[in-house]
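Working notes, beginning with the structure itself.
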Amino acid sequence: MLPMNKLWLGLGGLVVAAVSPAAMAAWGLNMPKGITGISRETYDLHMLIFWICVAIGVVVYGVLIYSLFAYRKSKGAIPASFHHSTKVEIVWTVIPFVILIAMAIPSTRVLTQIYDSSESDLDIMVTGYQWRWQYRYLTEEGEEVTFFSNLATPEEQIYNRAEKGENYLLEVDEPLVVPANKKVRLLLTSADVIHSWWVPALSVKKDAVPGFVNESWFNAEVTGTYRGQCTELCGQDHGFMPVVVNVVEQAEFDAWLAEKQAAAAAVAELANQEWTLDQLVAQGQTVYTTFCMACHQQNGQGLPPAFPALTGSAIATGPIADHVTTVLNGRPGTAMAAYGALLSPVDMAAVITYERNAIGNNVGDMITPVEILQIQAAAQ
Amino acid sequence: MRRKQTDNTQESVRTSHLVSKLALVVVGMFGFGFALVPIYDVFCEITGLNGKTAGRATYDAAVVEVQEERLVTVQFTANNNAGMSWQFHPMVNQIQVHPGELTEVKFYARNPTGMTMIAQAVPSVVPFVAADYLHKTECFCFNQQTLAAGEAIEMPLLFYIDQAIPDGVSKLTLSYTLFDVTANFLNSSSNLSAK
Amino acid sequence: MATGHDDHHHGPAKGFTRWLYTTNHKDIGSMYLWFSFAMFLLGGTFALVIRAELFQPGLQFVEPEFFNQMTTMHGLVMVFGAVMPAFVGLANWMIPLMIGAPDMALPRMNNWSFWILPFAFAMLASTLFMEAGAPNFGWTFYAPLSTTYAPSTVTFFIFAIHIMGASSIMGSINIIATIQNLRAPGMTYMKMPLFVWTWLITAYLLIAVMPVLAGVVTMMLFDIHFGTSFFSAAGGGDPVLFQHVFWFFGHPEVYIMILPAFGVVSEIIPTFSRKKLFGYDSMVYATSSIAFLSFIVWAHHMFTTGMPLAGELFFMYATMLIAVPTGVKVFNWVTTMFKGSISFETPMLFSIAFVVLFTMGGFTGLMLAIAPADFQYHDTYFVVAHFHYVLVPGAVFSIMAAAYYWLPKWTGNMYDEALGKLHFWLSFVGINILFFPQHFLGLAGMPRRIPDYALQFADFNMVSTVGAFIFGFSQLLFLFIVVKTVLGGKKATAQVWEGAEGLEWTVPSPAPYHTFTTPPLVP
């Protein structure tokens, strides 16, 4: 079962990497050059320091290897007796110091650029959740566009029951969309634990800290899709919260944003539609998979004690009002978050109906989006 | 022991002196770990590290000179911490102000749940350098907010931008994160200090 | 305090009570070493679970939640259970022998500082069998993942850390007292072997930062159980504060794990080069500078947390500076070998590998110091490769070098040189197959602490896992070699190695139960 050819490929890669920097990119061995001015500067800095290290390495390892061959006892080497030289010590203190200054100058220049987030064209709030990203476009006018970006890779692929797709674990249901050649400023925060938002091609990695806001920015020069991941351990599904950014032309971005704004307006509309139990269950399955499954599991059995089972539970099979309250407001002091502010009334109604009529439950009742709206209003 | 007895006594005196000193270092460093907490807060306020803003400021219209020729954009955002079910958002997304000008904006909050809840809003400013130049004379974040079931409130924020704000800062973002502190508040007389 | 006991003319007691009640530095040193080896195997087992899961993309063996427990426990057990106790064991055995002292200055406390360790680790390991599972927030346990969002077993973790800290603090106080007060007449500070010097500095680092670690876990305990808000923004605290306090401990901790290794290598290289260590004075000064710098660089672990520009620049420059004294040490070792008369016994092989591979870790460390580039490297496998190059072929290889170097002194028997060399070459090849590809994985964008990864990372992960199993199983050979040497073998002379110098080589092999009851004369 061990694919030896892959192993040799990998070992071959090591050798290639050691001899040829040009081959690094092709083998996916080196940092990507990226598509922003900062990412290219960072890459150049990285390579500069890499080559300085190589040069120092050649000298140090050269002397070391020469000594190991030239001064062997087995070849009758007689040890010299010198063991001290202030002059030499000073020389090899000063020379590295000078090299360090040479490194510090370009590093300082790049860092200063990275910290200049002024005069942005577009501001986006990025909020980390366990385990998804939320993007909010801070536009001055029009309906606010807010959406979650969830891992789109199906569980079958993760558990090796299906062939893995090309962008395995690096694909989302809704990517972040930004215009090309515009300064996009990100405001990062988190709703729970610390996350970190990273897209290598943009050379942006910044922590999202609960209660605090960080900022970063990029100016993507090439359209396309760029992928990254959360890089701060944030719990169970830390490895499963990718970042996908679509860089598009300004006109395309404007159209996309207008469409999203219209869709946001339409959500309220949708809530007033007639819904059947089957429709809600079907819609609810998607919502469940996205928001509930990580903890309560696909079959509703949960992961006790932290994440209780829904199948046969008092909440999911008891009075529907309690069920709604739990999902809307969460359970303080437990891992159960409040979804009232996160889910639309449609999704809220759908997932509750789903939980009562699937995953091993068969209560037979349902709740409509309108009723959810009423419950939220009634609390007033 | 073949070592001379006098040596031994001297040695053990020296050792116990040394050990006492080292034990003091240990206790001191344990204390220093805790001292890092206030040190960090002071450091944050001085440098604006982490976008922490200072506490209540005063505004004296007679003293503060308004710079009519400069405009700074102030952007407001609101976030809910996980487990916080309130509706919470600024009533204006951004405004332009002159440095030195006292401005009032409002944030909307509503408790959609069926129970009384207590919330604490935590402010944060980016860019960090701007945090020092944002002075709040009144803020809902100075106190916990208690809302009964279904109650809604418009919460005021009165602030001005310091005239000394660097020219490079043309826009700053003031962001609030709302935390549910009902449990802390009911169960213990915890140190919910107003920020 | 007693510098010996009235039963000095007796040999060791018989049976288990010998080990339970012993105040003999050699017995305690041996117990530390055996304990650390057991922890090395335990932590290694956790590592192999991690590498097995990462052999191929997809989840095969463990769930993500358990994977996180494995990364956490691997880190904690290796840092606090394997590397640190091993160096304390070496210190116990060798420092009195090297400075001509009859025992450690505080023998009874010595017994204590060892015997609380197994309880700490038993408590930590027992969480694996609890319903809530073991700690799963990484060995760096960042709040609020380790506080508000932690499994209930975090309390056991906190108390285990407290006990480990107490053990380290007692151990260090003992080492400082021994070195400063029990040196044989004539053994001035600048005549002390470098292993003693590096340990003296390490011990000071330990008493300075272990209390800070105790403080940070105490704050966690209060946040979790007593409603305080040190690390919670809701109550006026700050999660980033946790990282500042943790790394104020954590960065010196890194040097705590490498400075004694510098000392070991500085003993071995001159012996097998048959030439005095080059630049002894500069080695002492370099070690001290590194220790000092370790206190002002902590936030380079936090470049992406959002610090003001001035803070980033300060920590970047300070971190880059560490390259200077570290470079001086490497140049000194190389120059010691230059024009020597080198032979390649196992301790020397491990020491040469140390110089070569530690320097690799030094280079990547320098790259990581560059803040703009660190934004790309941070929390990726590039960092994993970096610190494993420093800690495994660095700290762990030096411990193995030390074990081979002093094993004849401890047991009176020579180890099997052919097997020793085999162990070295398996380890050397294994370690590089294991960690070298991780540089590429990190640069190509693979975050650390993930149980599953995108397809472009598959090949190198497979290579890395193969290396891990080669390296892991080679360590059983080490166990075999040590046991074989303890049981018998060619008798060792007092000097053992042709080029060896120092007081420890003036006592017979095996070293008698009590040594230097009369202080030796140091010329």
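Letters A, B, ... go to the chains of the structure tokens in the order shown; residues in each chain start at 1; ligands are counted from 1 in the same order.
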
Helix (DSSP H, G or I) call set, DSSP backbone run, segment 293-332 of chain A, as an NGL selection string: :A and (293-296 or 314-317 or 320-329)

Shell around segment 158-171 of chain B at 6 Å using only C-alpha atoms, local window under 2 positions removed, as a VMD selection string: chain B and resid 72 to 74 99 to 104 133 to 138

Those same residues - C-alpha atoms - I'd like them written as a PDB file, in the first residue's frame.
ATOM      1  CA  VAL B  72     -11.017  62.573  10.397  1.00  0.00           C
ATOM      2  CA  THR B  73     -13.291  59.700   9.486  1.00  0.00           C
ATOM      3  CA  VAL B  74     -14.480  57.662  12.424  1.00  0.00           C
ATOM      4  CA  PRO B  99     -10.394  67.131  15.725  1.00  0.00           C
ATOM      5  CA  GLY B 100     -11.474  68.783  18.957  1.00  0.00           C
ATOM      6  CA  GLU B 101     -15.166  68.621  18.099  1.00  0.00           C
ATOM      7  CA  LEU B 102     -17.369  66.864  20.658  1.00  0.00           C
ATOM      8  CA  THR B 103     -19.594  64.397  18.850  1.00  0.00           C
ATOM      9  CA  GLU B 104     -22.401  62.112  19.929  1.00  0.00           C
ATOM     10  CA  TYR B 133      -6.190  60.306  20.452  1.00  0.00           C
ATOM     11  CA  LEU B 134      -9.750  59.130  20.903  1.00  0.00           C
ATOM     12  CA  HIS B 135     -11.209  60.590  24.075  1.00  0.00           C
ATOM     13  CA  LYS B 136     -14.577  59.380  25.308  1.00  0.00           C
ATOM     14  CA  THR B 137     -16.439  61.630  27.711  1.00  0.00           C
ATOM     15  CA  GLU B 138     -19.402  59.334  27.931  1.00  0.00           C
TER      16      GLU B 138
END

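Minimum atom-to-atom distance to Ser39 of chain A, evaluated using only C-alpha atoms, belongs to A:Leu111 out of A:Ala309, A:Leu111, A:Met336, A:Ile359.
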
Contacts of Ile352 of chain A at 8 Å (only C-alpha atoms; same-chain gap of 3+ positions) as a ChimeraX atom specification: /A:284,323-324,327,348-349,355-356,366-367

Please produce an output containing C-alpha atoms for each residue in the selection, written as a compact mmCIF listing (two decimals), in the first residue's frame.
# COMPACT_ATOMS: atom_id res chain seq x y z
CA GLY A 284 -32.42 22.39 7.45
CA HIS A 323 -36.04 24.17 21.37
CA VAL A 324 -36.33 27.55 19.67
CA VAL A 327 -31.03 27.67 19.44
CA MET A 348 -33.42 29.02 12.00
CA ALA A 349 -36.84 27.53 11.27
CA GLU A 355 -33.53 18.43 14.22
CA ARG A 356 -37.04 17.39 15.24
CA MET A 366 -42.51 22.20 12.50
CA ILE A 367 -41.90 25.90 12.94

Please, which residues in chain B fall within 6 Å of chain C when counting only C-alpha atoms, and what is the closest atom pair and distance in Å to one decimal for each, ordered by chain then residue number, as a tab-separated table?
residue	atom	partner	partner_atom	distance
B:Ser12	CA	C:Met1	CA	4.7
B:Val26	CA	C:Ile207	CA	5.7
B:Met29	CA	C:Pro211	CA	5.6
B:Phe30	CA	C:Pro211	CA	4.5
B:Gly33	CA	C:Val212	CA	4.7
B:Phe179	CA	C:Ala234	CA	5.6
B:Leu192	CA	C:Gly235	CA	4.9

Neighbours of segment 53-55 of chain C within 7 Å (only C-alpha atoms; same-chain residues fewer than 4 positions away dropped), as a compact mmCIF listing (two decimals) with all heavy atoms, in the first residue's frame?
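So the final result, stored in around05.txt, reads:
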# COMPACT_ATOMS: atom_id res chain seq x y z
N VAL C 49 1.89 8.85 16.98
CA VAL C 49 0.45 8.90 16.67
C VAL C 49 0.17 10.08 15.73
O VAL C 49 -0.54 9.95 14.73
CB VAL C 49 -0.39 9.06 17.97
CG1 VAL C 49 -1.86 9.30 17.65
CG2 VAL C 49 -0.24 7.84 18.86
N LEU C 59 -8.60 11.60 7.38
CA LEU C 59 -8.48 11.13 8.76
C LEU C 59 -8.49 9.61 8.73
O LEU C 59 -9.43 9.00 8.23
CB LEU C 59 -9.63 11.66 9.61
CG LEU C 59 -9.66 13.18 9.79
CD1 LEU C 59 -10.89 13.61 10.57
CD2 LEU C 59 -8.40 13.68 10.48
N GLN C 60 -7.43 8.99 9.25
CA GLN C 60 -7.35 7.52 9.24
C GLN C 60 -7.43 6.91 10.63
O GLN C 60 -8.13 5.95 10.84
CB GLN C 60 -6.03 7.06 8.58
CG GLN C 60 -6.00 7.20 7.09
CD GLN C 60 -5.55 8.60 6.66
OE1 GLN C 60 -4.97 9.32 7.45
NE2 GLN C 60 -5.82 8.96 5.43
N PHE C 61 -6.66 7.46 11.58
CA PHE C 61 -6.50 6.77 12.86
C PHE C 61 -7.22 7.46 14.02
O PHE C 61 -7.80 6.80 14.86
CB PHE C 61 -5.02 6.61 13.21
CG PHE C 61 -4.25 5.89 12.15
CD1 PHE C 61 -3.38 6.57 11.32
CD2 PHE C 61 -4.42 4.52 11.97
CE1 PHE C 61 -2.67 5.90 10.34
CE2 PHE C 61 -3.72 3.85 10.99
CZ PHE C 61 -2.84 4.54 10.16
N VAL C 62 -7.09 8.78 14.07
CA VAL C 62 -7.63 9.49 15.24
C VAL C 62 -8.54 10.62 14.79
O VAL C 62 -8.44 11.10 13.67
CB VAL C 62 -6.52 10.05 16.15
CG1 VAL C 62 -5.69 8.93 16.74
CG2 VAL C 62 -5.64 11.03 15.40
N PRO C 451 -4.77 18.16 11.88
CA PRO C 451 -4.79 16.70 11.77
C PRO C 451 -4.90 16.23 10.32
O PRO C 451 -4.75 15.05 10.04
CB PRO C 451 -6.04 16.31 12.55
CG PRO C 451 -6.93 17.49 12.45
CD PRO C 451 -6.06 18.70 12.33
N ASP C 452 -5.21 17.13 9.42
CA ASP C 452 -5.44 16.75 8.03
C ASP C 452 -5.01 17.93 7.17
O ASP C 452 -5.01 19.07 7.64
CB ASP C 452 -6.93 16.44 7.83
CG ASP C 452 -7.18 15.72 6.51
OD1 ASP C 452 -6.20 15.37 5.83
OD2 ASP C 452 -8.36 15.53 6.18
N ASN C 461 4.72 15.03 3.69
CA ASN C 461 4.24 14.48 4.95
C ASN C 461 4.53 12.99 5.03
O ASN C 461 4.86 12.46 6.10
CB ASN C 461 2.74 14.74 5.11
CG ASN C 461 2.47 16.04 5.85
OD1 ASN C 461 2.87 16.19 6.99
ND2 ASN C 461 1.83 16.98 5.18
N MET C 462 4.41 12.32 3.91
CA MET C 462 4.68 10.88 3.89
C MET C 462 6.15 10.62 4.20
O MET C 462 6.49 9.78 5.04
CB MET C 462 4.30 10.34 2.51
CG MET C 462 4.23 8.85 2.47
SD MET C 462 3.50 8.32 0.90
CE MET C 462 1.78 8.37 1.28
N THR C 465 6.84 11.23 7.88
CA THR C 465 6.37 10.16 8.76
C THR C 465 7.32 8.96 8.72
O THR C 465 7.61 8.36 9.76
CB THR C 465 4.95 9.74 8.35
OG1 THR C 465 4.08 10.86 8.54
CG2 THR C 465 4.46 8.57 9.19

For Glu215 of chain A, the nearest of the candidates A:Asn167, A:Thr231, A:Thr108, A:Thr127, counting only C-alpha atoms: A:Thr127

Interatomic distance (Å, one decimal) between atom CA of Thr287 of chain C and atom CA of Trp93 of chain C: 21.9 Å

Might you pull out every residue within 10 Å of segment 479-492 of chain C, with only C-alpha atoms counted and same-chain residues fewer than 5 positions away left off, and present them as a compact mmCIF listing (two decimals) with C-alpha atoms, in the first residue's frame?
# COMPACT_ATOMS: atom_id res chain seq x y z
CA TRP C 34 15.75 6.92 33.60
CA PHE C 37 14.05 8.40 29.05
CA ALA C 38 10.69 6.90 29.96
CA ALA C 403 25.03 9.55 27.97
CA TYR C 404 27.59 7.79 25.76
CA LEU C 407 28.22 5.99 30.59
CA PRO C 408 31.61 4.29 31.18
CA LYS C 409 32.13 6.57 34.19
CA TRP C 410 28.69 5.74 35.54
CA THR C 411 28.74 1.99 34.95
CA GLY C 412 32.40 1.15 34.77
CA ASN C 413 31.78 -0.58 31.46
CA MET C 414 32.40 0.52 27.89
CA TYR C 415 29.32 0.60 25.69
CA ASP C 416 29.29 -1.32 22.42
CA GLU C 417 30.91 1.13 20.00
CA LEU C 419 25.99 -0.47 18.18
CA GLY C 420 26.49 3.11 19.35
CA HIS C 423 22.30 4.15 16.78
CA SER C 474 16.05 3.62 16.68
CA TRP C 497 38.83 8.73 26.89
CA PRO C 508 37.68 5.39 39.29
CA SER C 509 35.14 3.94 36.84
CA PRO C 510 32.47 3.23 37.92

Counting only C-alpha atoms, which of C:Phe137, C:Phe121, C:Phe114, C:Phe40 gets nearest to Glu65 of chain C? C:Phe137

Compile the residues of chain B that lie within 10 Å of chain A, evaluated using only C-alpha atoms, and express the compilation as a PyMOL selection string. chain B and resi 50-52+75-88+92-95+110-115+121-128+148-152+168-183

C:Val466, C:Ala323, C:Ala458, C:Val83 ranked by distance to Ile99 of chain A, top pick (using only C-alpha atoms): C:Ala323

Within 8 Å of Ile38 of chain A using only C-alpha atoms, minus same-chain residues under 6 positions, as an MDAnalysis selection string: chainID A and resid 110 113:114 202:203 218

Report, in Å with one decimal, the straight-line distance from atom CA of Val429 of chain C to atom CA of Phe69 of chain A. 20.2 Å
